[in-house]
Amino acid sequence: MRRIARRVAVVVAMATVATALLPAIAQARRPNYAWHMFVETNQSRARYHVGRLDRARRLSDEAERHARAMARKGALFHTSGPTRYGVRCSAWGENVGWSTGDTADLQRLFMHSAVHRSHVLDRRFRRVAVGAAKDDRGRLYVSLFFCT
């Protein structure tokens with residue numbers, strides 16, 4: 001009888017651990033859309049022989065918040081610029097977009113838009129902050145803040 005009780009206890013303990021790990025496992029499988037968008041942007045620049053952008057890490061937190069705000073509202077909107085975040089840039093560009101696809105789809109859309117493309121390929125820019133968020137319908141929203 002004790003053997004059965006121990007087996008039950010072990011099974012319950014294992015189930016408890018597995019249940020606790022499920023959110024972490026699900027999180028680990030979720031793509032890092034901001035990173036993918038950063039890579040897509042630099043790949044586009046490389047195709048046109050424009051220098052690689054560094055990631056503006058502190059500003060990326062703001063870009064992430066901006067992408068989440070757009071996803072919550074279900075609408076695209078721009079920020080008021082770098083001074084809002086206490087950042088000084090001699091040149092500033094901002095791309096925002098959404099897609100039901102992935103980051104490659106968004107990058108294609110940006111590259112087919114003259115204004116968005118000019119930000120991606122602008123040689124003055126040295127850094128980019130990237131944020132991404134999905135809404136409850138599965139639409140992917142991204143914010144890219146380009147800065148020199």
# chains A, B, ... in the order shown; residues from 1 in each chain; ligands from 1
call {"tool": "residues_around", "arguments": {"residues": "region 121-134 of chain A", "least_positions_apart": "3", "cutoff": "6 Å", "atoms": "only C-alpha atoms", "output": "PyMOL selection string"}}
result
chain A and resi 33-34+45+53-56+59-60+63-64+67-68+118+138-148
call {"tool": "write_last_selection", "arguments": {"atoms": "C-alpha atoms", "output": "tab-separated table (two decimals), in the first residue's frame"}}
result
chain	number	residue	atom	x	y	z
A	33	TYR	CA	9.56	38.91	-33.53
A	34	ALA	CA	11.58	42.01	-32.59
A	45	ARG	CA	20.48	46.96	-45.89
A	53	LEU	CA	22.61	48.83	-37.91
A	54	ASP	CA	23.40	48.27	-34.25
A	55	ARG	CA	20.55	47.54	-31.90
A	56	ALA	CA	19.56	50.45	-29.67
A	59	LEU	CA	15.33	52.54	-26.90
A	60	SER	CA	14.10	49.07	-27.92
A	63	ALA	CA	9.73	50.55	-29.25
A	64	GLU	CA	8.36	47.40	-27.60
A	67	ALA	CA	4.21	48.10	-30.51
A	68	ARG	CA	2.15	46.75	-27.58
A	118	SER	CA	14.15	55.37	-47.23
A	138	GLY	CA	-2.82	37.22	-34.38
A	139	ARG	CA	-1.81	40.44	-36.16
A	140	LEU	CA	1.84	41.35	-35.72
A	141	TYR	CA	2.58	45.02	-34.94
A	142	VAL	CA	6.11	46.40	-35.17
A	143	SER	CA	7.84	49.68	-34.33
A	144	LEU	CA	11.27	50.56	-35.66
A	145	PHE	CA	13.01	53.69	-34.40
A	146	PHE	CA	16.04	54.64	-36.52
A	147	CYS	CA	18.59	56.98	-34.98
A	148	THR	CA	21.99	58.51	-35.67
call {"tool": "select_by_dssp", "arguments": {"residues": "region 69-111 of chain A", "states": "strand (DSSP E)", "output": "PyMOL selection string"}}
result
chain A and resi 92-99
call {"tool": "write_last_selection", "arguments": {"atoms": "N, CA, C and O atoms", "output": "compact mmCIF listing (two decimals), in the first residue's frame"}}
result
# COMPACT_ATOMS: atom_id res chain seq x y z
N TRP A 92 16.38 61.03 -37.33
CA TRP A 92 15.40 60.12 -36.74
C TRP A 92 14.46 59.63 -37.83
O TRP A 92 14.04 60.40 -38.71
N GLY A 93 14.14 58.38 -37.80
CA GLY A 93 13.15 57.81 -38.70
C GLY A 93 12.33 56.78 -37.93
O GLY A 93 12.82 56.19 -36.97
N GLU A 94 11.11 56.61 -38.35
CA GLU A 94 10.24 55.69 -37.63
C GLU A 94 9.37 54.92 -38.62
O GLU A 94 8.70 55.52 -39.45
N ASN A 95 9.43 53.60 -38.53
CA ASN A 95 8.55 52.74 -39.32
C ASN A 95 7.64 52.00 -38.37
O ASN A 95 8.10 51.40 -37.40
N VAL A 96 6.35 52.04 -38.64
CA VAL A 96 5.38 51.23 -37.90
C VAL A 96 4.56 50.48 -38.93
O VAL A 96 4.29 50.98 -40.02
N GLY A 97 4.16 49.27 -38.57
CA GLY A 97 3.36 48.48 -39.49
C GLY A 97 2.74 47.29 -38.80
O GLY A 97 3.10 46.97 -37.67
N TRP A 98 1.80 46.66 -39.50
CA TRP A 98 1.22 45.42 -38.98
C TRP A 98 0.97 44.48 -40.15
O TRP A 98 0.84 44.90 -41.29
N SER A 99 0.90 43.21 -39.81
CA SER A 99 0.66 42.18 -40.82
C SER A 99 0.05 40.97 -40.15
O SER A 99 0.28 40.72 -38.97
call {"tool": "residues_around", "arguments": {"residues": "Tyr85 (chain A)", "least_positions_apart": "6", "cutoff": "10 Å", "atoms": "only C-alpha atoms", "output": "short mmCIF file (atom, residue, chain, number, x, y, z; two decimals) with all heavy atoms, in the first residue's frame"}}
result
data_model
loop_
_atom_site.label_atom_id
_atom_site.label_comp_id
_atom_site.auth_asym_id
_atom_site.auth_seq_id
_atom_site.Cartn_x
_atom_site.Cartn_y
_atom_site.Cartn_z
N ARG A 58 18.31 50.21 -25.12
CA ARG A 58 17.45 50.96 -24.21
C ARG A 58 16.22 51.50 -24.94
O ARG A 58 15.10 51.41 -24.45
CB ARG A 58 18.23 52.10 -23.56
CG ARG A 58 17.47 52.69 -22.38
CD ARG A 58 18.21 53.86 -21.75
NE ARG A 58 17.40 55.04 -22.00
CZ ARG A 58 17.78 56.10 -22.67
NH1 ARG A 58 18.98 56.19 -23.16
NH2 ARG A 58 16.97 57.11 -22.85
N LEU A 59 16.43 52.01 -26.11
CA LEU A 59 15.33 52.54 -26.90
C LEU A 59 14.41 51.42 -27.40
O LEU A 59 13.23 51.65 -27.65
CB LEU A 59 15.88 53.36 -28.07
CG LEU A 59 14.92 54.26 -28.82
CD1 LEU A 59 14.18 55.21 -27.88
CD2 LEU A 59 15.66 55.05 -29.88
N GLU A 62 11.33 51.04 -25.40
CA GLU A 62 10.28 52.00 -25.78
C GLU A 62 9.57 51.56 -27.06
O GLU A 62 8.36 51.68 -27.18
CB GLU A 62 10.88 53.40 -25.95
CG GLU A 62 11.55 53.95 -24.72
CD GLU A 62 10.62 54.10 -23.52
OE1 GLU A 62 9.39 54.18 -23.71
OE2 GLU A 62 11.12 54.13 -22.40
N THR A 79 5.13 57.98 -32.92
CA THR A 79 5.47 58.67 -31.68
C THR A 79 5.76 60.13 -32.02
O THR A 79 5.75 60.52 -33.18
CB THR A 79 6.72 58.05 -31.03
OG1 THR A 79 7.85 58.31 -31.86
CG2 THR A 79 6.57 56.56 -30.82
#
call {"tool": "closest_residue", "arguments": {"among": "A:Arg30, A:Ser113, A:Arg137, A:Ala104", "to": "Ser44 (chain A)", "atoms": "only C-alpha atoms"}}
result
A:Ala104
